[in-house]
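Containing TSV, C-alpha atoms: input.tsv.
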```
chain	number	residue	atom	x	y	z
A	1	MET	CA	0.00	0.00	0.00
A	2	LYS	CA	1.37	3.35	-0.97
A	3	LEU	CA	0.68	6.93	0.05
A	4	THR	CA	-1.30	9.05	-2.35
A	5	VAL	CA	-0.35	12.59	-3.21
A	6	GLY	CA	-2.16	15.03	-0.91
A	7	LEU	CA	-4.70	17.37	-2.46
A	8	ALA	CA	-2.89	20.42	-1.17
A	9	ALA	CA	0.31	19.31	-2.91
A	10	VAL	CA	-1.56	18.75	-6.17
A	11	ALA	CA	-3.19	22.18	-5.96
A	12	THR	CA	0.16	23.81	-5.28
A	13	LEU	CA	1.67	22.09	-8.32
A	14	LEU	CA	-1.18	23.23	-10.54
A	15	ALA	CA	-0.85	26.81	-9.32
A	16	ALA	CA	2.86	26.76	-10.04
A	17	ASN	CA	2.08	25.77	-13.62
A	18	GLY	CA	-0.29	28.64	-14.16
A	19	VAL	CA	-3.57	26.84	-13.51
A	20	SER	CA	-5.51	29.41	-11.51
A	21	ALA	CA	-8.98	27.84	-11.27
A	22	VAL	CA	-9.87	24.72	-9.31
A	23	SER	CA	-12.16	22.13	-10.93
A	24	GLU	CA	-15.24	20.53	-9.37
A	25	TRP	CA	-14.59	18.68	-6.07
A	26	GLY	CA	-11.06	20.14	-5.84
A	27	GLN	CA	-9.68	21.85	-2.72
A	28	CYS	CA	-9.89	25.65	-2.76
A	29	ASP	CA	-8.96	26.77	0.78
A	30	GLY	CA	-8.15	25.63	4.32
A	31	ILE	CA	-5.44	25.77	6.97
A	32	ASN	CA	-1.98	25.19	5.43
A	33	TYR	CA	-3.47	25.21	1.91
A	34	THR	CA	-1.35	27.20	-0.56
A	35	GLY	CA	-3.02	26.49	-3.91
A	36	SER	CA	-5.54	28.41	-5.96
A	37	LYS	CA	-8.65	29.64	-4.13
A	38	THR	CA	-10.59	30.35	-7.32
A	39	CYS	CA	-13.10	27.76	-8.52
A	40	ASP	CA	-13.99	27.11	-12.15
A	41	SER	CA	-16.96	29.03	-13.52
A	42	GLY	CA	-20.24	27.91	-11.99
A	43	LEU	CA	-18.61	26.47	-8.87
A	44	THR	CA	-18.52	27.80	-5.31
A	45	CYS	CA	-15.76	27.30	-2.74
A	46	VAL	CA	-17.67	25.50	0.04
A	47	TYR	CA	-16.48	25.21	3.63
A	48	ILE	CA	-16.11	21.56	4.71
A	49	ASN	CA	-13.96	22.11	7.79
A	50	ASP	CA	-11.15	24.47	8.84
A	51	TRP	CA	-8.60	22.45	6.88
A	52	TYR	CA	-10.62	21.79	3.75
A	53	TYR	CA	-12.85	23.76	1.39
A	54	GLN	CA	-14.13	22.24	-1.85
A	55	CYS	CA	-15.35	23.56	-5.21
A	56	GLN	CA	-18.96	22.44	-5.74
A	57	LYS	CA	-21.83	23.11	-8.10
A	58	GLY	CA	-25.15	24.57	-7.09
A	59	ALA	CA	-24.03	25.90	-3.71
A	60	SER	CA	-25.80	29.00	-2.52
A	61	ASN	CA	-23.61	31.78	-1.22
A	62	PRO	CA	-24.84	32.93	2.19
A	63	THR	CA	-22.46	34.92	4.33
A	64	THR	CA	-21.62	32.70	7.29
A	65	THR	CA	-18.89	33.89	9.63
A	66	THR	CA	-16.72	31.18	11.14
A	67	THR	CA	-14.06	32.00	13.73
A	68	ARG	CA	-11.11	29.69	13.98
A	69	THR	CA	-7.80	29.72	15.82
A	70	THR	CA	-4.83	29.08	13.59
A	71	THR	CA	-2.30	26.37	14.37
A	72	THR	CA	1.38	26.85	15.18
A	73	THR	CA	2.20	26.55	11.49
A	74	ARG	CA	0.32	29.77	10.85
A	75	THR	CA	0.26	33.14	12.57
A	76	SER	CA	-0.70	32.50	16.19
A	77	THR	CA	-3.70	34.82	16.22
A	78	THR	CA	-7.43	34.31	15.92
A	79	THR	CA	-8.77	35.11	12.48
A	80	THR	CA	-12.30	35.51	11.20
A	81	LYS	CA	-13.13	33.84	7.89
A	82	THR	CA	-16.24	34.23	5.79
A	83	SER	CA	-17.19	30.82	4.48
A	84	THR	CA	-19.60	30.00	1.67
A	85	THR	CA	-21.48	26.93	2.71
A	86	THR	CA	-25.05	25.78	2.20
A	87	ALA	CA	-25.16	23.95	5.54
A	88	PRO	CA	-22.88	23.12	8.46
A	89	ALA	CA	-20.65	20.06	8.16
A	90	GLY	CA	-22.47	16.89	9.07
A	91	THR	CA	-25.98	17.90	7.99
A	92	GLN	CA	-26.54	14.88	5.72
A	93	LYS	CA	-26.46	12.18	8.35
A	94	PHE	CA	-25.39	8.63	7.58
A	95	LYS	CA	-28.16	6.08	7.21
A	96	TYR	CA	-25.75	3.48	8.64
A	97	PHE	CA	-23.29	4.47	11.33
A	98	GLY	CA	-21.65	2.24	13.89
A	99	VAL	CA	-18.83	-0.16	14.61
A	100	ASN	CA	-17.24	-3.39	13.51
A	101	GLU	CA	-17.85	-6.21	15.99
A	102	SER	CA	-14.75	-8.32	15.52
A	103	SER	CA	-14.24	-11.59	17.39
A	104	ALA	CA	-15.82	-14.57	15.62
A	105	GLU	CA	-13.06	-14.50	12.98
A	106	PHE	CA	-10.26	-14.65	15.57
A	107	GLY	CA	-7.94	-17.66	15.45
A	108	ASN	CA	-8.33	-17.71	11.69
A	109	THR	CA	-5.91	-20.61	11.17
A	110	LYS	CA	-7.77	-22.88	13.58
A	111	TRP	CA	-10.75	-24.64	12.02
A	112	PRO	CA	-13.22	-25.12	13.47
A	113	GLY	CA	-11.51	-23.76	16.57
A	114	VAL	CA	-12.83	-23.77	20.10
A	115	LEU	CA	-15.47	-21.24	21.12
A	116	GLY	CA	-14.16	-19.22	24.05
A	117	THR	CA	-10.56	-20.18	23.32
A	118	ASP	CA	-9.87	-19.47	19.65
A	119	TYR	CA	-12.80	-17.16	18.96
A	120	THR	CA	-15.90	-15.71	20.55
A	121	TRP	CA	-19.03	-13.85	19.51
A	122	PRO	CA	-19.75	-10.15	20.08
A	123	THR	CA	-21.61	-9.42	23.29
A	124	THR	CA	-25.13	-8.08	23.53
A	125	GLN	CA	-23.84	-5.60	26.11
A	126	SER	CA	-21.56	-4.05	23.48
A	127	VAL	CA	-24.45	-3.79	21.02
A	128	ASP	CA	-26.68	-2.19	23.66
A	129	PHE	CA	-23.96	0.31	24.59
A	130	PHE	CA	-23.64	1.64	21.06
A	131	LEU	CA	-27.37	1.61	20.38
A	132	GLY	CA	-27.70	3.74	23.49
A	133	LYS	CA	-25.22	6.24	22.01
A	134	GLY	CA	-27.26	6.56	18.82
A	135	PHE	CA	-25.29	4.19	16.56
A	136	ASN	CA	-27.30	1.74	14.50
A	137	THR	CA	-25.02	-0.54	12.45
A	138	PHE	CA	-22.82	-3.47	13.45
A	139	ARG	CA	-20.53	-5.34	11.05
A	140	ILE	CA	-20.19	-8.88	12.36
A	141	ALA	CA	-17.03	-10.58	11.16
A	142	PHE	CA	-17.02	-14.37	10.84
A	143	LEU	CA	-14.86	-17.06	9.26
A	144	MET	CA	-16.01	-18.97	6.19
A	145	GLU	CA	-14.12	-22.13	7.17
A	146	ARG	CA	-16.08	-22.29	10.42
A	147	LEU	CA	-19.42	-21.81	8.71
A	148	SER	CA	-18.51	-24.07	5.77
A	149	PRO	CA	-16.04	-26.71	7.00
A	150	PRO	CA	-13.45	-27.49	4.30
A	151	ALA	CA	-14.46	-31.15	4.42
A	152	ASN	CA	-17.83	-30.08	2.96
A	153	GLY	CA	-16.52	-27.31	0.71
A	154	LEU	CA	-18.28	-24.09	-0.20
A	155	THR	CA	-21.25	-25.92	-1.66
A	156	GLY	CA	-21.76	-28.18	1.36
A	157	SER	CA	-24.00	-27.75	4.35
A	158	PHE	CA	-23.23	-25.12	6.99
A	159	ASP	CA	-22.01	-26.00	10.46
A	160	SER	CA	-25.23	-25.69	12.45
A	161	THR	CA	-23.60	-24.53	15.69
A	162	TYR	CA	-21.57	-21.74	14.12
A	163	LEU	CA	-24.51	-20.69	11.96
A	164	GLN	CA	-26.66	-20.45	15.06
A	165	GLY	CA	-24.03	-18.27	16.75
A	166	LEU	CA	-24.07	-15.92	13.77
A	167	LYS	CA	-27.85	-15.87	13.68
A	168	THR	CA	-28.10	-15.21	17.40
A	169	ILE	CA	-25.99	-12.05	17.43
A	170	ALA	CA	-27.34	-10.79	14.08
A	171	SER	CA	-30.93	-11.32	15.19
A	172	TYR	CA	-30.25	-9.56	18.47
A	173	VAL	CA	-29.01	-6.50	16.57
A	174	THR	CA	-31.95	-6.40	14.21
A	175	SER	CA	-34.50	-7.09	16.95
A	176	LYS	CA	-33.27	-3.91	18.64
A	177	GLY	CA	-33.79	-1.92	15.46
A	178	GLY	CA	-30.17	-1.97	14.32
A	179	TYR	CA	-28.60	-3.19	11.09
A	180	ALA	CA	-26.40	-6.30	11.12
A	181	VAL	CA	-23.75	-6.51	8.40
A	182	LEU	CA	-22.71	-10.10	7.69
A	183	ASP	CA	-18.97	-9.99	6.99
A	184	PRO	CA	-17.16	-13.14	5.76
A	185	HIS	CA	-13.75	-11.93	6.87
A	186	ASN	CA	-11.62	-14.07	4.55
A	187	PHE	CA	-9.80	-11.69	2.16
A	188	MET	CA	-11.21	-13.68	-0.79
A	189	ARG	CA	-9.50	-16.84	0.47
A	190	TYR	CA	-10.95	-20.17	1.57
A	191	ASN	CA	-9.14	-23.28	2.78
A	192	ASN	CA	-5.76	-21.62	2.14
A	193	GLY	CA	-6.49	-20.71	-1.46
A	194	VAL	CA	-7.92	-17.81	-3.46
A	195	ILE	CA	-11.62	-18.26	-4.14
A	196	SER	CA	-11.79	-18.74	-7.90
A	197	ASP	CA	-14.60	-21.26	-8.46
A	198	GLN	CA	-17.45	-18.93	-9.34
A	199	ASN	CA	-20.08	-21.66	-9.22
A	200	ALA	CA	-19.08	-22.69	-5.70
A	201	TRP	CA	-18.88	-19.02	-4.66
A	202	THR	CA	-22.36	-18.20	-5.92
A	203	THR	CA	-23.81	-21.37	-4.40
A	204	TRP	CA	-22.35	-20.37	-1.03
A	205	TRP	CA	-23.93	-16.95	-1.27
A	206	LYS	CA	-27.31	-18.34	-2.32
A	207	ASN	CA	-27.25	-20.64	0.70
A	208	LEU	CA	-26.32	-17.84	3.10
A	209	ALA	CA	-28.84	-15.40	1.64
A	210	ASN	CA	-31.58	-17.98	2.03
A	211	GLN	CA	-30.82	-18.13	5.75
A	212	PHE	CA	-31.26	-14.38	6.24
A	213	LYS	CA	-33.39	-13.05	3.40
A	214	ASN	CA	-36.48	-12.53	5.54
A	215	ASP	CA	-34.82	-10.04	7.86
A	216	SER	CA	-34.92	-6.61	6.23
A	217	LYS	CA	-32.23	-5.21	8.54
A	218	ILE	CA	-29.57	-7.69	7.47
A	219	ILE	CA	-26.88	-6.34	5.12
A	220	PHE	CA	-24.72	-8.66	3.01
A	221	ASP	CA	-21.01	-7.73	2.81
A	222	LEU	CA	-19.75	-9.98	0.03
A	223	GLN	CA	-16.13	-10.40	1.16
A	224	ASN	CA	-13.71	-8.58	3.41
A	225	GLU	CA	-10.68	-6.98	1.75
A	226	PRO	CA	-9.72	-9.04	-1.29
A	227	HIS	CA	-6.06	-8.48	-2.09
A	228	ASP	CA	-3.39	-9.53	-4.57
A	229	ILE	CA	-6.11	-10.45	-7.05
A	230	ASP	CA	-6.75	-8.61	-10.31
A	231	ALA	CA	-9.45	-5.97	-9.94
A	232	THR	CA	-11.45	-7.27	-12.89
A	233	THR	CA	-11.48	-10.77	-11.38
A	234	VAL	CA	-12.75	-9.42	-8.07
A	235	ALA	CA	-15.40	-7.32	-9.80
A	236	SER	CA	-16.58	-10.35	-11.76
A	237	MET	CA	-16.90	-12.44	-8.60
A	238	MET	CA	-18.74	-9.64	-6.82
A	239	GLN	CA	-21.13	-9.22	-9.74
A	240	ALA	CA	-21.84	-12.95	-9.77
A	241	ALA	CA	-22.56	-12.93	-6.02
A	242	VAL	CA	-24.99	-10.00	-6.31
A	243	ASN	CA	-26.86	-11.78	-9.09
A	244	ALA	CA	-26.94	-14.99	-7.05
A	245	ILE	CA	-28.32	-13.27	-3.95
A	246	ARG	CA	-31.04	-11.57	-5.95
A	247	SER	CA	-31.95	-14.87	-7.63
A	248	VAL	CA	-33.16	-16.31	-4.30
A	249	GLY	CA	-35.38	-13.33	-3.55
A	250	ALA	CA	-33.17	-11.44	-1.10
A	251	THR	CA	-33.62	-7.68	-1.50
A	252	GLN	CA	-31.45	-6.24	1.29
A	253	LEU	CA	-28.50	-3.88	0.83
A	254	ILE	CA	-25.37	-5.57	-0.55
A	255	LEU	CA	-21.87	-4.18	0.08
A	256	VAL	CA	-19.35	-4.78	-2.70
A	257	GLU	CA	-15.61	-4.65	-2.02
A	258	GLY	CA	-12.67	-4.32	-4.40
A	259	THR	CA	-9.11	-5.57	-4.54
A	260	SER	CA	-6.10	-3.98	-2.82
A	261	TRP	CA	-7.78	-4.35	0.57
A	262	THR	CA	-10.66	-2.25	-0.88
A	263	GLY	CA	-8.74	0.89	0.09
A	264	ALA	CA	-10.36	4.24	-0.65
A	265	TRP	CA	-6.96	5.85	-1.22
A	266	THR	CA	-6.02	3.28	-3.88
A	267	TRP	CA	-9.42	2.88	-5.51
A	268	THR	CA	-8.21	4.36	-8.79
A	269	SER	CA	-4.59	3.17	-8.81
A	270	SER	CA	-5.56	-0.43	-7.97
A	271	GLY	CA	-7.78	-0.73	-11.03
A	272	ASN	CA	-10.98	-0.90	-9.00
A	273	ALA	CA	-12.36	2.31	-10.51
A	274	ASN	CA	-12.24	0.86	-14.01
A	275	ALA	CA	-13.26	-2.66	-13.04
A	276	PHE	CA	-16.38	-1.58	-11.13
A	277	SER	CA	-17.43	1.28	-13.42
A	278	SER	CA	-20.32	-0.68	-14.95
A	279	PHE	CA	-21.36	-2.63	-11.87
A	280	THR	CA	-25.10	-3.33	-11.64
A	281	ASP	CA	-27.63	-4.80	-9.25
A	282	PRO	CA	-31.02	-6.16	-10.37
A	283	ALA	CA	-32.54	-4.69	-7.19
A	284	ASN	CA	-30.55	-1.43	-7.42
A	285	ASN	CA	-29.64	-1.73	-3.74
A	286	PHE	CA	-25.87	-1.97	-3.45
A	287	ALA	CA	-23.04	0.22	-2.23
A	288	ILE	CA	-19.32	0.16	-2.86
A	289	GLU	CA	-17.56	-0.61	0.41
A	290	MET	CA	-14.14	0.90	1.00
A	291	HIS	CA	-11.82	0.96	4.01
A	292	GLN	CA	-9.43	3.66	5.16
A	293	TYR	CA	-6.86	3.97	7.92
A	294	LEU	CA	-4.89	7.14	8.51
A	295	ASP	CA	-1.40	5.92	9.45
A	296	SER	CA	1.54	6.03	7.05
A	297	ASP	CA	0.89	2.73	5.26
A	298	GLY	CA	-2.87	2.66	5.71
A	299	SER	CA	-2.76	-0.53	7.75
A	300	GLY	CA	-4.26	0.59	11.04
A	301	THR	CA	-1.20	-0.53	12.98
A	302	SER	CA	0.12	2.85	14.10
A	303	ALA	CA	-1.61	5.47	16.25
A	304	THR	CA	0.27	8.22	14.41
A	305	CYS	CA	-1.61	9.90	11.56
A	306	VAL	CA	0.17	11.32	8.54
A	307	SER	CA	-1.42	14.76	8.93
A	308	SER	CA	-4.54	16.47	10.20
A	309	THR	CA	-5.95	16.45	6.64
A	310	ILE	CA	-5.10	12.87	5.72
A	311	GLY	CA	-8.69	11.68	6.17
A	312	VAL	CA	-9.93	14.11	3.54
A	313	ASP	CA	-6.90	13.53	1.32
A	314	ARG	CA	-7.41	9.78	1.23
A	315	ILE	CA	-11.13	9.65	0.49
A	316	THR	CA	-11.57	12.58	-1.90
A	317	ASP	CA	-10.64	10.71	-5.09
A	318	ALA	CA	-12.98	7.85	-4.19
A	319	THR	CA	-15.75	10.32	-3.30
A	320	ASN	CA	-15.45	11.96	-6.69
A	321	TRP	CA	-15.53	8.59	-8.45
A	322	LEU	CA	-18.68	7.55	-6.60
A	323	LYS	CA	-20.37	10.80	-7.58
A	324	GLN	CA	-19.31	10.47	-11.20
A	325	ARG	CA	-20.66	6.91	-11.42
A	326	GLY	CA	-23.82	7.65	-9.44
A	327	PHE	CA	-22.91	4.94	-6.91
A	328	LYS	CA	-23.43	4.84	-3.16
A	329	GLY	CA	-20.39	4.44	-0.91
A	330	PHE	CA	-19.98	2.76	2.47
A	331	LEU	CA	-16.83	3.20	4.57
A	332	GLY	CA	-16.79	-0.22	6.19
A	333	GLU	CA	-13.65	0.42	8.26
A	334	ILE	CA	-12.01	3.60	9.49
A	335	GLY	CA	-9.51	3.86	12.31
A	336	ALA	CA	-6.82	6.09	13.78
A	337	GLY	CA	-5.16	7.06	17.05
A	338	SER	CA	-6.62	8.90	20.04
A	339	ASN	CA	-4.66	12.13	19.61
A	340	ASP	CA	-5.41	15.65	18.41
A	341	GLN	CA	-4.04	15.21	14.89
A	342	CYS	CA	-5.87	11.94	14.26
A	343	ILE	CA	-9.14	13.18	15.70
A	344	THR	CA	-8.99	16.22	13.43
A	345	ALA	CA	-8.29	13.95	10.46
A	346	ILE	CA	-11.20	11.64	11.30
A	347	LYS	CA	-13.57	14.56	11.71
A	348	GLY	CA	-12.43	16.03	8.42
A	349	ALA	CA	-13.18	12.79	6.59
A	350	LEU	CA	-16.58	12.29	8.20
A	351	SER	CA	-17.50	15.95	7.63
A	352	LEU	CA	-16.73	15.59	3.94
A	353	MET	CA	-18.78	12.39	3.80
A	354	GLN	CA	-21.81	14.09	5.35
A	355	GLN	CA	-21.98	17.08	3.04
A	356	PRO	CA	-25.24	17.63	1.10
A	357	GLY	CA	-25.25	15.46	-2.01
A	358	SER	CA	-22.63	13.09	-0.63
A	359	PRO	CA	-22.66	9.55	-2.06
A	360	TRP	CA	-21.65	8.06	1.32
A	361	ILE	CA	-24.45	6.28	3.15
A	362	GLY	CA	-22.50	4.82	6.06
A	363	ALA	CA	-19.30	4.47	8.06
A	364	LEU	CA	-18.07	2.04	10.72
A	365	TRP	CA	-15.23	2.31	13.23
A	366	TRP	CA	-12.70	-0.52	13.49
A	367	ALA	CA	-13.23	-2.09	15.96
A	368	ALA	CA	-15.27	-3.28	18.90
A	369	GLY	CA	-15.05	-6.79	20.24
A	370	PRO	CA	-14.39	-8.40	23.64
A	371	TRP	CA	-10.86	-9.64	22.93
A	372	TRP	CA	-9.13	-6.52	21.58
A	373	GLY	CA	-7.53	-5.63	24.91
A	374	THR	CA	-5.23	-2.60	24.67
A	375	TYR	CA	-5.26	-2.25	20.87
A	376	TYR	CA	-5.35	1.51	20.37
A	377	GLN	CA	-8.38	1.44	18.06
A	378	SER	CA	-10.44	-0.78	20.35
A	379	ILE	CA	-13.75	0.88	21.15
A	380	GLU	CA	-15.17	-2.04	23.12
A	381	PRO	CA	-17.05	-0.75	26.16
A	382	PRO	CA	-16.58	0.13	28.87
A	383	SER	CA	-12.88	0.94	28.67
A	384	GLY	CA	-11.40	0.25	25.22
A	385	PRO	CA	-8.62	2.77	24.45
A	386	ALA	CA	-10.78	4.55	21.84
A	387	ILE	CA	-13.69	5.07	24.23
A	388	ALA	CA	-12.25	8.08	26.06
A	389	ARG	CA	-11.65	10.40	23.10
A	390	ILE	CA	-12.56	8.81	19.75
A	391	LEU	CA	-16.13	8.05	20.78
A	392	PRO	CA	-17.16	11.50	22.09
A	393	GLU	CA	-14.90	13.70	19.98
A	394	ALA	CA	-14.58	11.98	16.60
A	395	LEU	CA	-17.69	9.81	16.21
A	396	GLN	CA	-20.67	10.97	18.26
A	397	PRO	CA	-20.84	14.42	16.58
A	398	PHE	CA	-21.75	12.58	13.36
A	399	VAL	CA	-24.55	10.39	14.74
```
Would you put the structure from the file into structure tokens?
Amino acid sequence: MKLTVGLAAVATLLAANGVSAVSEWGQCDGINYTGSKTCDSGLTCVYINDWYYQCQKGASNPTTTTTRTTTTTRTSTTTTKTSTTTAPAGTQKFKYFGVNESSAEFGNTKWPGVLGTDYTWPTTQSVDFFLGKGFNTFRIAFLMERLSPPANGLTGSFDSTYLQGLKTIASYVTSKGGYAVLDPHNFMRYNNGVISDQNAWTTWWKNLANQFKNDSKIIFDLQNEPHDIDATTVASMMQAAVNAIRSVGATQLILVEGTSWTGAWTWTSSGNANAFSSFTDPANNFAIEMHQYLDSDGSGTSATCVSSTIGVDRITDATNWLKQRGFKGFLGEIGAGSNDQCITAIKGALSLMQQPGSPWIGALWWAAGPWWGTYYQSIEPPSGPAIARILPEALQPFV
């Protein structure tokens, strides 16, 4: 995974080459921004947050005064800035907003594994905690080899005990009014090999959809983070799965992931943008799921964020692509450290995603789950490291 070029750097380069106007969806102002502040004809420079303004069509131009205190990289005084925004950041709320509940996929080399030793299921107490905070969506990771033992293969019968565990927690979520995202957390692998048998793959999805198709609050996430597989191959498998799910009468939302760990920041460079450009759904009820972490390599293994604008930088290209294609987007995983710079970066990304006309319909924090211990992104109640600051400062303002 590689870093993308920041929007501010791109704008600066364009300005240096005599390009004075910023095109639609480009950055046009913000703290530390040094590029052009003039939008193309017909566009308005819209305030997203203190670090990011964006050229947009159809924005009205009310005079809204916003006071901000500059950082140490600017003059250390308080300045007053007149912003041109149609609505405050965060006015288009997510339909789906919540957390990943990660635990049933633990011990992923041990099949079937021992419940309580190698893996466990999310707790109802965790679900209740987040529902009480206003969150409504829970992505429940599970392991395909536990649901479909390799001895039976993908087309064989499900393990009844593991299936019941999945049904129990998913049904608890939906009975409380929440949405349960079923997440086969296998990276497009099964039984130590890349999933390439499309007939077996679609049979597996038909069988799973039949188990859950009568619950309207179930969401099908086709596969977590495919990687090191050609984008066109992944898109073809995803298309086949959507068609298979619809063929058994399931109408719920389907989340489609791409290759290269379905990263938002690499959506174009990985080939996903081209491969998924003509994606369709007979029920017209799908969203493109992407993931984004804000550390240097985008892996979610460091609590240090690249910059306070990295959230916006890394999702802007993908946001533009979704708008251009008329697709809905779903940020299935986002994570960062509990520090000022990371919290600013998270808020910047979520603010951008909640602007009027945004294609993003949901976002989920990585991760809750009873076995995460001291992992810096753990938001498992009552005392996961991300509870103290990430929850109240970076997430709850966007509920």
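The spacing separating CA of Thr374 (chain A) from CA of Gln341 (chain A) amounts to 20.4 Å.
Across A:Ser299, A:Thr174, A:Ser216, A:Thr203, the tightest approach to Ser247 (chain A) is made by A:Thr203 when counting only C-alpha atoms.
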From the set A:Val234, A:Ala336, A:Met144, A:Leu294, which residue has the shortest atom-to-atom contact distance to Asn191 (chain A), counting only C-alpha atoms?
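Of all the options, A:Met144 lies closest to Asn191 (chain A).
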Item checked: Surrounding residues of region 308-319 of chain A excluding itself and chain neighbours under 2 positions, 7 Å, all atoms listed in the file, as a list in words ->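 Using all atoms listed in the file, the neighbours found are Gly6, Leu7, Trp51, Ala264, Trp265, Trp267, Leu294, Val306, Trp321, Leu322, Lys323, Gln341, Cys342, Thr344, Ala345, Ile346, Gly348, Ala349 and Leu352 of chain A.
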Of the residues A:Ile361, A:Ile379, A:Val22, A:Cys55, which is the one nearest to Lys328 (chain A), using only C-alpha atoms?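 Closest candidate: A:Ile361.
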Rebuild N, CA, C and O atoms on region 361-373 of chain A, as a short mmCIF file (atom, residue, chain, number, x, y, z; two decimals), keeping the file's coordinate frame?
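Contents of part26.cif, freshly written:
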```
data_model
loop_
_atom_site.label_atom_id
_atom_site.label_comp_id
_atom_site.auth_asym_id
_atom_site.auth_seq_id
_atom_site.Cartn_x
_atom_site.Cartn_y
_atom_site.Cartn_z
N ILE A 361 -23.26 6.59 2.36
CA ILE A 361 -24.45 6.28 3.15
C ILE A 361 -24.11 5.71 4.52
O ILE A 361 -25.01 5.54 5.36
N GLY A 362 -22.83 5.40 4.77
CA GLY A 362 -22.50 4.82 6.06
C GLY A 362 -21.02 4.79 6.34
O GLY A 362 -20.19 4.92 5.44
N ALA A 363 -20.69 4.60 7.62
CA ALA A 363 -19.30 4.47 8.06
C ALA A 363 -19.27 3.69 9.37
O ALA A 363 -20.17 3.82 10.21
N LEU A 364 -18.22 2.88 9.54
CA LEU A 364 -18.07 2.04 10.72
C LEU A 364 -16.65 2.13 11.26
O LEU A 364 -15.68 2.05 10.51
N TRP A 365 -16.55 2.28 12.57
CA TRP A 365 -15.23 2.31 13.23
C TRP A 365 -14.70 0.89 13.38
O TRP A 365 -15.44 -0.06 13.66
N TRP A 366 -13.38 0.74 13.21
CA TRP A 366 -12.70 -0.52 13.49
C TRP A 366 -11.89 -0.34 14.77
O TRP A 366 -10.96 0.44 14.79
N ALA A 367 -12.22 -1.05 15.85
CA ALA A 367 -13.23 -2.09 15.96
C ALA A 367 -13.63 -2.23 17.42
O ALA A 367 -12.88 -1.87 18.32
N ALA A 368 -14.84 -2.79 17.60
CA ALA A 368 -15.27 -3.28 18.90
C ALA A 368 -15.06 -4.79 18.92
O ALA A 368 -14.79 -5.40 17.89
N GLY A 369 -15.24 -5.36 20.08
CA GLY A 369 -15.05 -6.79 20.24
C GLY A 369 -14.42 -7.08 21.58
O GLY A 369 -13.53 -6.34 22.03
N PRO A 370 -14.81 -8.16 22.25
CA PRO A 370 -14.39 -8.40 23.64
C PRO A 370 -12.94 -8.79 23.83
O PRO A 370 -12.46 -8.77 24.96
N TRP A 371 -12.23 -9.14 22.76
CA TRP A 371 -10.86 -9.64 22.93
C TRP A 371 -9.79 -8.69 22.41
O TRP A 371 -8.63 -9.08 22.25
N TRP A 372 -10.12 -7.43 22.15
CA TRP A 372 -9.13 -6.52 21.58
C TRP A 372 -8.14 -5.97 22.62
O TRP A 372 -7.09 -5.44 22.25
N GLY A 373 -8.47 -6.05 23.87
CA GLY A 373 -7.53 -5.63 24.91
C GLY A 373 -7.10 -4.18 24.78
O GLY A 373 -7.93 -3.28 24.70
#
```
